[in-house]
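Just start-v9.cif here, mmCIF, C-alpha atoms:
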data_upload
#
loop_
_atom_site.label_atom_id
_atom_site.label_comp_id
_atom_site.auth_asym_id
_atom_site.auth_seq_id
_atom_site.Cartn_x
_atom_site.Cartn_y
_atom_site.Cartn_z
CA MET A 205 0.00 0.00 0.00
CA LYS A 206 1.04 3.59 -0.67
CA LEU A 207 -0.21 6.41 1.52
CA TYR A 208 -0.24 9.84 -0.10
CA ASN A 209 -0.44 12.30 2.76
CA PHE A 210 0.91 15.38 4.53
CA PHE A 211 2.47 15.23 7.97
CA ARG A 212 0.29 17.94 9.52
CA SER A 213 -2.98 17.04 7.84
CA GLY A 214 -5.52 15.91 10.45
CA THR A 215 -7.17 13.50 8.01
CA SER A 216 -3.78 12.01 7.12
CA HIS A 217 -2.92 11.76 10.81
CA ARG A 218 -6.12 9.85 11.64
CA LEU A 219 -5.50 7.40 8.79
CA ARG A 220 -1.91 6.80 9.89
CA ILE A 221 -3.23 5.97 13.36
CA ALA A 222 -5.73 3.49 11.95
CA LEU A 223 -3.11 1.82 9.74
CA ASN A 224 -0.71 1.55 12.67
CA LEU A 225 -3.37 0.14 14.98
CA LYS A 226 -4.10 -2.49 12.35
CA GLY A 227 -0.40 -3.31 12.16
CA LEU A 228 -0.24 -2.56 8.43
CA ASP A 229 2.88 -1.48 6.56
CA TYR A 230 2.67 1.21 3.89
CA ASP A 231 4.93 3.32 1.74
CA TYR A 232 4.84 6.95 2.83
CA VAL A 233 4.43 9.40 -0.06
CA ALA A 234 4.58 13.03 1.01
CA VAL A 235 2.27 15.55 -0.65
CA ASP A 236 3.36 19.04 0.42
CA LEU A 237 0.27 21.17 1.02
CA ARG A 238 2.50 24.18 1.66
CA LYS A 239 3.61 24.03 -1.98
CA ASN A 240 0.10 23.18 -3.21
CA GLU A 241 1.28 19.83 -4.55
CA HIS A 242 -2.21 18.49 -3.85
CA GLN A 243 -3.54 20.80 -6.56
CA GLY A 244 -1.07 19.57 -9.19
CA ALA A 245 -1.99 17.33 -12.09
CA ALA A 246 0.03 14.39 -10.75
CA PHE A 247 -1.88 14.16 -7.48
CA LYS A 248 -5.23 15.05 -9.02
CA SER A 249 -4.84 12.07 -11.33
CA LEU A 250 -5.14 10.00 -8.14
CA ASN A 251 -7.73 12.13 -6.37
CA PRO A 252 -9.62 14.61 -8.54
CA GLN A 253 -10.74 16.40 -5.38
CA GLY A 254 -7.15 17.37 -4.66
CA LEU A 255 -7.34 16.39 -1.00
CA VAL A 256 -5.16 14.18 1.18
CA PRO A 257 -5.00 11.40 2.11
CA ALA A 258 -5.22 8.89 -0.71
CA LEU A 259 -4.41 5.22 -0.22
CA VAL A 260 -3.35 3.05 -3.15
CA ASP A 261 -3.85 -0.68 -2.66
CA ALA A 262 -2.74 -2.74 -5.67
CA ASP A 263 -4.62 -1.07 -8.56
CA GLN A 264 -7.28 0.56 -6.36
CA VAL A 265 -7.17 4.21 -5.27
CA LEU A 266 -9.12 4.99 -2.11
CA THR A 267 -9.95 8.53 -1.04
CA GLN A 268 -11.70 10.24 1.88
CA SER A 269 -10.31 9.18 5.26
CA VAL A 270 -13.75 8.24 6.57
CA ALA A 271 -14.27 5.75 3.76
CA ILE A 272 -10.71 4.44 3.94
CA ILE A 273 -10.89 3.77 7.67
CA GLU A 274 -14.21 1.94 7.25
CA TRP A 275 -12.63 -0.08 4.41
CA LEU A 276 -9.69 -0.96 6.65
CA GLU A 277 -12.10 -2.19 9.31
CA GLU A 278 -13.84 -4.42 6.77
CA ARG A 279 -10.67 -5.64 5.04
CA TYR A 280 -8.60 -6.13 8.19
CA PRO A 281 -11.12 -6.79 10.98
CA THR A 282 -8.52 -7.66 13.62
CA PRO A 283 -7.77 -5.81 15.79
CA ALA A 284 -11.21 -4.27 15.65
CA LEU A 285 -11.58 -0.50 15.84
CA LEU A 286 -15.34 -0.75 16.33
CA PRO A 287 -17.23 -2.58 19.11
CA THR A 288 -19.27 -5.68 18.33
CA ASP A 289 -22.62 -4.35 19.59
CA ARG A 290 -24.51 -2.33 16.98
CA TYR A 291 -25.51 0.40 19.43
CA ASP A 292 -21.96 0.69 20.70
CA ARG A 293 -20.70 0.95 17.12
CA ALA A 294 -23.14 3.79 16.55
CA ARG A 295 -21.88 5.55 19.67
CA VAL A 296 -18.26 5.26 18.57
CA ARG A 297 -19.11 6.47 15.08
CA ALA A 298 -20.97 9.42 16.60
CA LEU A 299 -17.90 10.41 18.62
CA ALA A 300 -15.78 10.21 15.48
CA ALA A 301 -18.35 12.32 13.62
CA VAL A 302 -18.12 15.11 16.19
CA VAL A 303 -14.60 15.60 14.90
CA GLY A 304 -14.91 14.39 11.32
CA CYS A 305 -18.17 16.15 10.46
CA ASP A 306 -18.48 19.12 12.81
CA ILE A 307 -15.00 20.33 13.83
CA HIS A 308 -12.45 19.47 11.17
CA PRO A 309 -14.32 20.49 7.97
CA VAL A 310 -14.62 24.15 9.01
CA ASN A 311 -10.99 24.33 10.15
CA ASN A 312 -9.15 22.70 7.26
CA LYS A 313 -6.59 24.37 5.01
CA ARG A 314 -8.86 25.50 2.20
CA ILE A 315 -11.30 27.12 4.64
CA LEU A 316 -8.50 28.92 6.47
CA ASP A 317 -6.89 30.01 3.19
CA THR A 318 -10.22 31.50 2.11
CA LEU A 319 -10.59 33.33 5.42
CA ARG A 320 -7.14 34.83 4.90
CA THR A 321 -7.40 35.75 1.22
CA SER A 322 -11.07 36.71 0.89
CA PHE A 323 -11.81 38.11 4.33
CA GLY A 324 -8.43 39.43 5.47
CA ALA A 325 -8.20 37.22 8.57
CA ASP A 326 -4.90 37.48 10.44
CA ASP A 327 -3.38 34.82 12.72
CA ALA A 328 -5.37 36.02 15.73
CA ALA A 329 -8.62 35.81 13.78
CA ILE A 330 -7.73 32.36 12.46
CA ASN A 331 -6.97 31.11 15.96
CA HIS A 332 -10.26 32.54 17.19
CA TRP A 333 -12.18 30.91 14.34
CA CYS A 334 -10.59 27.51 14.89
CA GLY A 335 -10.86 27.78 18.66
CA THR A 336 -14.57 28.52 18.43
CA TRP A 337 -15.43 25.33 16.54
CA ILE A 338 -12.93 23.15 18.37
CA SER A 339 -14.31 24.33 21.71
CA ASP A 340 -17.91 23.78 20.62
CA GLY A 341 -17.13 20.24 19.49
CA PHE A 342 -14.93 19.38 22.45
CA ASP A 343 -17.64 20.54 24.87
CA ALA A 344 -19.96 17.98 23.31
CA TYR A 345 -17.28 15.28 23.16
CA GLU A 346 -16.42 15.82 26.84
CA ALA A 347 -20.11 15.51 27.77
CA LEU A 348 -20.41 12.28 25.80
CA LEU A 349 -17.33 10.90 27.55
CA ALA A 350 -18.77 11.85 30.93
CA ALA A 351 -22.01 10.06 30.10
CA GLY A 352 -20.25 6.95 28.82
CA THR A 353 -20.60 3.88 31.01
CA GLN A 354 -18.01 1.74 29.20
CA ARG A 355 -15.09 4.15 29.05
CA ALA A 356 -11.83 2.68 30.34
CA GLY A 357 -9.03 5.03 29.36
CA TYR A 358 -10.08 5.51 25.75
CA SER A 359 -13.05 7.27 24.18
CA PHE A 360 -14.97 4.01 24.44
CA GLY A 361 -13.97 0.84 26.27
CA GLY A 362 -10.49 -0.33 27.09
CA THR A 363 -8.98 -0.44 23.60
CA PRO A 364 -8.55 2.20 20.88
CA THR A 365 -11.41 2.77 18.46
CA ILE A 366 -11.92 4.94 15.42
CA ALA A 367 -13.13 7.65 17.80
CA ASP A 368 -9.61 7.91 19.22
CA ALA A 369 -8.10 7.94 15.73
CA TYR A 370 -10.22 11.02 15.02
CA LEU A 371 -9.81 12.73 18.38
CA ILE A 372 -6.03 12.69 18.78
CA PRO A 373 -5.28 14.60 15.55
CA GLN A 374 -7.90 17.17 16.51
CA ILE A 375 -6.19 17.67 19.87
CA GLU A 376 -2.93 18.21 17.97
CA SER A 377 -4.69 20.81 15.86
CA ALA A 378 -6.13 22.49 18.95
CA ARG A 379 -2.63 22.92 20.31
CA ARG A 380 -1.49 24.48 17.03
CA PHE A 381 -4.28 27.02 17.24
CA LYS A 382 -3.50 27.80 20.89
CA VAL A 383 -6.69 26.40 22.38
CA ASP A 384 -6.55 25.97 26.17
CA LEU A 385 -7.23 22.25 26.62
CA GLY A 386 -7.44 22.33 30.41
CA ARG A 387 -11.22 22.67 30.39
CA TRP A 388 -11.65 19.12 29.02
CA PRO A 389 -10.03 16.76 31.57
CA LEU A 390 -11.63 13.60 30.18
CA ILE A 391 -10.40 14.36 26.68
CA MET A 392 -6.94 14.93 28.14
CA GLU A 393 -7.10 11.53 29.84
CA VAL A 394 -7.84 9.92 26.49
CA ASP A 395 -5.00 11.87 24.92
CA ALA A 396 -2.53 10.59 27.52
CA THR A 397 -3.73 6.99 27.20
CA CYS A 398 -3.51 6.99 23.42
CA ASN A 399 -0.16 8.72 23.18
CA ALA A 400 1.40 6.07 25.42
CA LEU A 401 0.88 3.62 22.52
CA GLU A 402 3.47 3.18 19.79
CA ALA A 403 0.79 3.24 17.08
CA PHE A 404 -0.13 6.81 18.03
CA GLN A 405 3.47 7.89 18.60
CA ARG A 406 4.54 6.72 15.13
CA ALA A 407 1.56 8.49 13.54
CA ALA A 408 2.31 11.86 15.16
CA PRO A 409 2.98 14.74 12.75
CA MET A 410 6.52 15.45 13.93
CA ALA A 411 7.45 11.77 13.56
CA GLN A 412 6.86 11.88 9.80
CA PRO A 413 9.63 12.19 7.18
CA ASP A 414 8.20 15.40 5.70
CA ALA A 415 7.83 17.19 9.05
#

Can you turn what I pasted into structure tokens?
Amino acid sequence: MKLYNFFRSGTSHRLRIALNLKGLDYDYVAVDLRKNEHQGAAFKSLNPQGLVPALVDADQVLTQSVAIIEWLEERYPTPALLPTDRYDRARVRALAAVVGCDIHPVNNKRILDTLRTSFGADDAAINHWCGTWISDGFDAYEALLAAGTQRAGYSFGGTPTIADAYLIPQIESARRFKVDLGRWPLIMEVDATCNALEAFQRAAPMAQPDA
């Protein structure tokens, strides 16, 4: 497998976590978003949307981290990143969606670039924008963790799930945008538990060759 990704991309980060948790090897192909390589013809021949990550498996090109992670769970079911109970799976997917659907999409590079170029946002305004949506989502995530009856160190249960693969990159992003994380102690507990694992350590942005 070949993983086309960028070290600091949250979607790339979450996919690296999932691949590492599954124990899968892959060739790392850096796509430099700072140089707009994702908008070049070479990368768009793989993903016409011009977004990272993209995963190439044999002659198949997979795009969209949500779809790729679900494919990984189907193709490589052990170790499982989703619980066996259907209601529990829905709960884990909902936690992941807090990040994947409600926080990350309004804070990604193309949104921030538009805020800068079309609306004159400076760094302080960008940090405020990102902090607003991260805080809103993390408030909900923290409440869901507090209400969870099966939490044992991770977002759900005693082993990592896709919820953790989504959450940890968003925490990394929150730090970049100078969000005070102290108000979410349960999220910080999950962060500490996950980052004690090699799979998360190896997926971290600064551990990548293009960092």

Top pick for closest residue to A:Phe342, considering A:Arg220, A:Lys206, A:Arg238, A:Arg387 and counting all atoms listed in the file: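 Using all atoms listed in the file, A:Phe342 sits closest to A:Arg387.
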
Which of A:Thr282, A:Thr288, A:Ser339, A:Thr318 sits closest to A:Lys382 [using all atoms listed in the file]: A:Ser339

Distance query A:Val394 at most 8 Å, all atoms listed in the file, self and fewer than 2 positions along chain excluded, as a ChimeraX atom specification: /A:357-359,368,390-392,396-398

Selection near A:Ala367, 6 Å with only C-alpha atoms, sequence-local residues under 6 positions removed, as an MDAnalysis selection string: chainID A and resid 296 299:300

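Using the PyMOL selection byres ((chain A and resi 232) around 9) on this structure selects Met205, Lys206, Leu207, Tyr208, Asn209, Tyr230, Asp231, Val233, Ala234, Gln412 and Pro413 of chain A.
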
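Our summary of the geometry notes that atom CA of A:Arg295 is positioned 9.4 Å from atom CA of A:Gly352.
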
Evaluate the PyMOL selection byres ((chain A and resi 270) around 10) and report residues as an MDAnalysis selection string: chainID A and resid 215 218:219 267:269 271:275 300:301 304:305 366 370

Best match for closeness to A:Gly341 among A:Thr321, A:Asn311, A:Gln253, A:Thr365, counting only C-alpha atoms: A:Asn311
